[in-house]
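Colleague: The structure under discussion is supplied below as C-alpha cells; questions concerning it will follow.
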Amino acid sequence: MAKTSLDKSKIKILLLEGIHQSAVDTLLNAGYTSIETLSTSLTEEDLIDKIRDVHFIGIRSRTQLTERVFAAAERLTAVGCFCIGTNQVDLDAALKRAIPVFNAPYSNTRSVAELVLAETIMLLRGIPEKNARAHQGGWLKSAKNSHEARGKTLGIIGYGSIGAQLSVLAEGLGFDVLYYDVVTKLAMGNARQVGSLEELLARADVVTLHVPDLPSTRWMIGAEQIALMKQGGILINASRGSVVDIDALAESLRSGKLLGAAIDVFPVEPKGADEEFTSPLRGLDNVILTPHIGGSTLEAQQNIGIEVAEKLVTYSDNGTTITSVNFPEVALPSHPDKHRLLHIHENVPGVLSEINRVLSENGINIAGQFLQTNDKVGYVVIDVDKAYGKQALEALKQVNHTLRLRVLYSESDYQA
Ligand SMILES: NC(=O)C1=CN([C@@H]2O[C@H](COP(=O)(O)OP(=O)(O)OC[C@H]3O[C@@H](n4cnc5c(N)ncnc54)[C@H](O)[C@@H]3O)[C@@H](O)[C@H]2O)C=CC1
Ligand SMILES: O=C(O)CCC(=O)C(=O)O
C-alpha cells in the first residue's frame with residue numbers, strides 16, 4: 001500500500017500575528033503538535049525563508065501572502081486567515097497551487113460594529129479633543145459642536161455583515177440610518193438604501209465605511225467625496241486603509257470641513273508594536289486613531305481561533321473545503337474504512353474521465369466520488385478501498401493538468 005498520508009506530528013503549522021491560543025488548543029486537540037507561533041507578521045523575505053517547509057499557515061490582516069511567497073511555499077496545503085478580510089492573500093496564486101484559503105467571515109462582526117457605534121457617539125460630542133485638553137490641564141466645558149445621536153443620520157457604505165449589524169445597533173440609539181451598497185440589500189429595521197454614494201455623502205451627519213478592499217473601493221473616499229459631505233461631518237473608517245485618501249482626510253480636518261474622524265485602518269500599518277506608526281492624522285484634534293483593532297476583542301479572537309483552526313483541521317483530516325474563499329466547496333462525509341484521494345486539477349475538459357480511466361486500469365474500486373469546480377480548478381474526491389499500489393497514485397499524479405494529489409488514510413488508520 002502506498003504511504004503518502006503524513007503523520008500528523010510531521011505536519012508543520014506556522015501561526016503569525018498573535019493568533020489566539022484557542023487556535024493552538026484546537027490544533028493540539030486534533031493531534032497536530034508541530035505548531036510555531038509568532039506575535040508579529042514577517043517581511044516578505046523572512047516569510048519566504050520560513051514558509052518552505054510549512055504545511056499550514058495562519059495569518060491575520062498584516063501578513064502579505066504574495067505570489068513570491070507562494071512560489072517558495074513548496075509544502076503549503078492550506079491558508080487560514082484568522083480574520084474577515086482576505087485581501088492580504090493573492091488568492092489566485094494560492095488557487096493555481098491547489099491551496100484553499102479559509103477565513104472567519106462573521107466572528108468579529110459584532111466587535112467592529114460596537115467600536116464604530118462608540119466612536120460615533122464620542123465624535124458627535126467632540127470627546128477626543130476634550131479628553132486631550134483635560135490631559136494637558138485644560139477645561140473645554142462647552143456644548144459647541146456637541147450633539148446627541150438621537151435624530152442624526154448615520155450613513156453606512158457597504159451594508160454587509162458589519163454594516164447591517166451596525167444599522168440595528170444605531171437605530172436602537174435613535175439614529176436615522178441610510179446605507180449605500182452596490183448590491184440591493186434588505187434593510188434592517190427602518191434603515192433605507194440610497195441610490196448613490198453621492199446621495200449618502202450629502203445626507204449623512206456621520207459616514208462610516210464597511211466595504212472590502214476591491215479595485216472598486218480603492219480610494220473611494222477622496223477630496224471630491226469629502227467635499228460632498230455636510231459641513232462639520234464625521235468620517236469613520238474601520239474597513240481597509242486603501243479605501244480613504246488619508247491626506248485628503250487630514251486636509252479636510254485641518255480646514256474644519258470635517259469636525260472629526262475615527263480611523264482604525266491605514267494605507268501602511270506597522271508590522272508590530274516595535275515599529276513606529278506614522279500618519280498625517282497624528283496630532284489632529286478630534287481624530288480617534290486606533291491600531292487596526294476593530295476585531296480585536298477577546299471574545300472575537302477566541303471564536304476566530306477556534307473557527308479557522310477547525311477549518312484547517314477539517315481540510316487536513318477530511319478534505320472538506322466548505323466556506324473556502326477561493327476553492328471549489330465540497331462538504332465531505334467521514335471515511336472510516338476507506339482511503340480518500342483528493343485530486344486537484346485545472347478545470348479543463350476530460351480530466352475526470354482520465355482520472356476514472358486510471359482508477360479502472362489499476363483495479364481500484366470507487367466507494368464514493370465527489371466533484372466540485374470553479375472557473376479555474378476542479379476538485380475531485382474519491383474514496384477507495386485501502387488496497388492499491390503506489391503506481392496508481394503515480395499515474396493519478398501524471399494525469400494532464402493535475403495540480404496536486406493528496407491521500408488521506410482512513411480515519412480508523414489515523415486513530416490507530
Ligand atoms: N477593522 C477591523 O479590524 C476589521 C475590518 N474589517 C473589514 O470590513 C470589511 C467589511 O466586512 P463585512 O461587513 O464582514 O463584509 P461583507 O462582505 O459582509 O460586506 C461588504 C459589503 O460591501 C459591499 N460593497 C462592495 N463593494 C462596494 C462598493 N464599491 N460600494 C458600496 N458597497 C460595496 C458589498 O456588497 C457588501 O454588502 C471587510 O472586508 C474587512 O476588510 C472586517 C473585520 C475587522
Ligand atoms: O484582527 C485582525 O488582525 C484583522 C481584522 C480585520 O481587519 C479583518 O477581520 O478583516
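Labeling convention for the C-alpha cells: chains A, B, ... as they appear, residues from 1 per chain, ligands from 1 in order of appearance.
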Can you tell me which residues sit at most 8 Å away from ligand 1, counting only C-alpha atoms and all ligand atoms, written as a PyMOL selection string?
Modeller: chain A and resi 83-87+105-106+108-109+111-112+157-164+180-183+185+197+209-214+216-217+220+237-240+264-265+292-296
Colleague: Can those selected residues be exported to a file as a short mmCIF file (atom, residue, chain, number, x, y, z; two decimals), in the first residue's frame so that it contains N, CA and C atoms?
Modeller:
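Written file, part-v1.cif:
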data_model
loop_
_atom_site.label_atom_id
_atom_site.label_comp_id
_atom_site.auth_asym_id
_atom_site.auth_seq_id
_atom_site.Cartn_x
_atom_site.Cartn_y
_atom_site.Cartn_z
N CYS A 83 -9.31 36.18 10.44
CA CYS A 83 -9.95 37.49 10.33
C CYS A 83 -11.02 37.38 9.24
N ILE A 84 -11.63 38.54 8.89
CA ILE A 84 -12.64 38.54 7.83
C ILE A 84 -11.98 38.78 6.47
N GLY A 85 -11.22 39.89 6.36
CA GLY A 85 -10.66 40.27 5.07
C GLY A 85 -9.62 39.27 4.58
N THR A 86 -9.59 39.07 3.25
CA THR A 86 -8.59 38.16 2.66
C THR A 86 -7.81 38.88 1.55
N ASN A 87 -7.87 40.21 1.55
CA ASN A 87 -7.19 40.99 0.52
C ASN A 87 -5.67 40.90 0.66
N PRO A 105 -15.69 34.56 8.48
CA PRO A 105 -16.43 35.69 7.92
C PRO A 105 -17.32 36.46 8.89
N TYR A 106 -17.65 35.89 10.05
CA TYR A 106 -18.59 36.60 10.95
C TYR A 106 -18.08 36.80 12.37
N ASN A 108 -15.84 38.47 14.02
CA ASN A 108 -15.57 39.75 14.67
C ASN A 108 -16.52 40.87 14.22
N THR A 109 -17.57 40.48 13.54
CA THR A 109 -18.57 41.45 13.04
C THR A 109 -19.07 42.35 14.17
N SER A 111 -17.81 42.96 17.11
CA SER A 111 -16.78 43.80 17.73
C SER A 111 -16.58 45.09 16.93
N VAL A 112 -16.55 44.98 15.62
CA VAL A 112 -16.35 46.17 14.79
C VAL A 112 -17.56 47.10 14.92
N ILE A 157 -21.64 52.89 4.35
CA ILE A 157 -21.22 52.50 3.00
C ILE A 157 -20.77 51.05 3.08
N GLY A 158 -21.50 50.16 2.41
CA GLY A 158 -21.23 48.72 2.50
C GLY A 158 -22.13 48.11 3.56
N TYR A 159 -23.27 47.56 3.10
CA TYR A 159 -24.28 47.05 4.05
C TYR A 159 -24.20 45.52 4.08
N GLY A 160 -23.00 45.03 4.44
CA GLY A 160 -22.83 43.58 4.59
C GLY A 160 -23.02 43.19 6.04
N SER A 161 -22.22 42.23 6.51
CA SER A 161 -22.40 41.74 7.88
C SER A 161 -22.21 42.86 8.90
N ILE A 162 -21.11 43.62 8.75
CA ILE A 162 -20.83 44.66 9.75
C ILE A 162 -21.79 45.84 9.59
N GLY A 163 -21.94 46.29 8.35
CA GLY A 163 -22.83 47.44 8.11
C GLY A 163 -24.24 47.17 8.62
N ALA A 164 -24.76 45.98 8.37
CA ALA A 164 -26.14 45.66 8.78
C ALA A 164 -26.24 45.54 10.31
N TYR A 180 -25.54 52.81 1.57
CA TYR A 180 -25.26 52.69 0.14
C TYR A 180 -24.50 51.38 -0.07
N ASP A 181 -24.94 50.60 -1.04
CA ASP A 181 -24.26 49.33 -1.35
C ASP A 181 -24.40 49.10 -2.85
N VAL A 182 -23.43 48.43 -3.45
CA VAL A 182 -23.54 48.14 -4.88
C VAL A 182 -24.58 47.06 -5.16
N VAL A 183 -24.95 46.32 -4.11
CA VAL A 183 -25.97 45.28 -4.24
C VAL A 183 -27.23 45.77 -3.52
N LYS A 185 -29.80 45.52 -0.92
CA LYS A 185 -29.76 44.77 0.34
C LYS A 185 -31.05 44.99 1.12
N LEU A 197 -23.65 56.86 -3.97
CA LEU A 197 -22.69 57.26 -2.93
C LEU A 197 -22.83 58.76 -2.66
N LEU A 209 -17.50 53.52 6.82
CA LEU A 209 -17.20 52.63 5.69
C LEU A 209 -17.06 51.17 6.13
N HIS A 210 -17.75 50.28 5.41
CA HIS A 210 -17.66 48.85 5.73
C HIS A 210 -17.63 48.01 4.46
N VAL A 211 -16.73 48.40 3.57
CA VAL A 211 -16.58 47.69 2.29
C VAL A 211 -15.28 46.88 2.30
N PRO A 212 -15.20 45.83 1.49
CA PRO A 212 -13.93 45.10 1.38
C PRO A 212 -12.94 45.89 0.53
N ASP A 213 -11.68 45.48 0.58
CA ASP A 213 -10.67 46.06 -0.30
C ASP A 213 -10.84 45.42 -1.68
N LEU A 214 -11.31 46.21 -2.63
CA LEU A 214 -11.52 45.75 -4.01
C LEU A 214 -11.02 46.85 -4.93
N SER A 216 -12.70 48.38 -6.95
CA SER A 216 -13.77 49.40 -6.99
C SER A 216 -13.88 50.21 -5.70
N THR A 217 -13.27 49.74 -4.62
CA THR A 217 -13.37 50.50 -3.36
C THR A 217 -12.08 51.27 -3.06
N MET A 220 -12.04 55.18 -2.63
CA MET A 220 -13.40 55.62 -2.99
C MET A 220 -13.79 56.90 -2.25
N ASN A 237 -13.59 55.12 9.38
CA ASN A 237 -13.15 54.02 8.52
C ASN A 237 -12.52 52.91 9.35
N ALA A 238 -13.25 51.79 9.42
CA ALA A 238 -12.71 50.58 10.06
C ALA A 238 -12.76 49.44 9.04
N SER A 239 -12.61 49.80 7.75
CA SER A 239 -12.68 48.73 6.74
C SER A 239 -11.26 48.37 6.26
N ARG A 240 -10.74 49.11 5.31
CA ARG A 240 -9.36 48.90 4.87
C ARG A 240 -8.73 50.27 4.60
N ASP A 264 -9.26 53.31 11.90
CA ASP A 264 -8.69 52.09 12.50
C ASP A 264 -7.73 51.39 11.55
N VAL A 265 -7.79 51.77 10.28
CA VAL A 265 -7.01 51.05 9.25
C VAL A 265 -6.30 52.08 8.38
N HIS A 292 -5.75 49.26 14.17
CA HIS A 292 -6.42 48.13 13.50
C HIS A 292 -6.93 47.10 14.52
N ILE A 293 -7.74 47.60 15.44
CA ILE A 293 -8.26 46.70 16.49
C ILE A 293 -9.79 46.56 16.44
N GLY A 294 -10.36 46.88 15.27
CA GLY A 294 -11.82 46.76 15.15
C GLY A 294 -12.31 45.38 15.59
N GLY A 295 -11.57 44.36 15.23
CA GLY A 295 -11.99 42.99 15.56
C GLY A 295 -11.25 42.42 16.76
N SER A 296 -10.47 43.27 17.42
CA SER A 296 -9.62 42.74 18.49
C SER A 296 -10.30 42.80 19.86
#
Colleague: Write out as a PDB file with C-alpha atoms, in the first residue's frame which residues come within 8 Å of range 18-26 of chain A when counting only C-alpha atoms, dropping same-chain ones fewer than 4 positions away.
Modeller:
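This is the output file result-v3.pdb:
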ATOM      1  CA  ALA A  30      -6.887  17.374  16.797  1.00  0.00           C
ATOM      2  CA  ILE A  35       2.972  24.390  15.842  1.00  0.00           C
ATOM      3  CA  THR A  37       3.581  30.821  16.914  1.00  0.00           C
ATOM      4  CA  LEU A  38       4.899  34.360  16.412  1.00  0.00           C
ATOM      5  CA  SER A  39       3.393  37.571  17.758  1.00  0.00           C
ATOM      6  CA  THR A  40       4.171  39.681  14.671  1.00  0.00           C
ATOM      7  CA  GLY A  58      -2.324  31.117   9.918  1.00  0.00           C
ATOM      8  CA  ILE A  59      -2.248  34.893   9.479  1.00  0.00           C
ATOM      9  CA  ARG A  60      -4.300  37.975  10.301  1.00  0.00           C
ATOM     10  CA  PHE A  82      -7.842  34.461  11.285  1.00  0.00           C
ATOM     11  CA  GLN A 301     -10.306  36.429  18.836  1.00  0.00           C
ATOM     12  CA  GLN A 302     -11.161  33.325  20.816  1.00  0.00           C
ATOM     13  CA  ASN A 303     -14.004  32.446  18.441  1.00  0.00           C
ATOM     14  CA  ILE A 304     -11.891  33.168  15.371  1.00  0.00           C
ATOM     15  CA  GLY A 305      -9.087  30.968  16.723  1.00  0.00           C
ATOM     16  CA  ILE A 306     -11.420  28.015  17.059  1.00  0.00           C
ATOM     17  CA  VAL A 308     -10.377  28.928  11.478  1.00  0.00           C
ATOM     18  CA  ALA A 309      -8.282  26.238  13.177  1.00  0.00           C
ATOM     19  CA  GLU A 310     -11.246  23.866  12.846  1.00  0.00           C
TER      20      GLU A 310
END
Colleague: Do you have the CA of Asn374 in chain A-CA of Glu74 in chain A distance handy?
Modeller: 23.2 Å
Colleague: Closest to Leu253 in chain A among A:Gly233, A:Gly155, A:Gly189, A:Gly172, using only C-alpha atoms?
Modeller: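 Result for the nearest residue to Leu253 in chain A: A:Gly233.
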Colleague: So which residues of range 8-212 of chain A fall under strand (DSSP E) by DSSP, listed as a PyMOL selection string?
Modeller: chain A and resi 13-15+35-37+56-59+78-81+101-102+153-157+176-180+192-193+206-209
Colleague: Can you pull out every residue from range 37-141 of chain A that DSSP, working from the backbone, puts in alpha helix (DSSP H), and format the result as a PyMOL selection string?
Modeller: chain A and resi 44-50+67-72+91-95+109-124+127-135
Colleague: Pick the closest to ligand 2 from A:Leu284, A:Val330, A:Cys81, A:Leu95: which is it, counting only C-alpha atoms and all ligand atoms?
Modeller: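 Of A:Leu284, A:Val330, A:Cys81, A:Leu95, the one nearest ligand 2 is A:Cys81, counting only C-alpha atoms and all ligand atoms.
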Colleague: Pick the closest to His401 in chain A from A:Asn326, A:Ile48, A:Ala98, A:Gly272: which is it, counting only C-alpha atoms?
Modeller: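 Under the stated criterion, the closest residue is A:Ala98.
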Colleague: Quote the spacing between CA of Asp274 in chain A and CA of Asp46 in chain A in Å to one decimal place.
Modeller: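 Separating CA of Asp274 in chain A from CA of Asp46 in chain A is a distance of 16.6 Å.
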Colleague: Could you check which of A:Val243, A:Leu258, A:Leu312, A:Ile156 is closest to His55 in chain A, using only C-alpha atoms?
Modeller: A:Leu312
Colleague: Would you pick out the contacts of Glu354 in chain A at 12 Å or less, using only C-alpha atoms, so that residues sharing its chain but fewer than 2 positions from it are not included, and give the list as number ranges by chain?
Modeller: A: 343, 345, 348-352, 356-361, 380, 395-402
Colleague: When distances are computed from only C-alpha atoms, which of A:Arg75, A:Arg110, A:Lys144, A:Arg52 shows the smallest separation from Arg125 in chain A?
Modeller: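 So, comparing all the options, the nearest one is A:Lys144.
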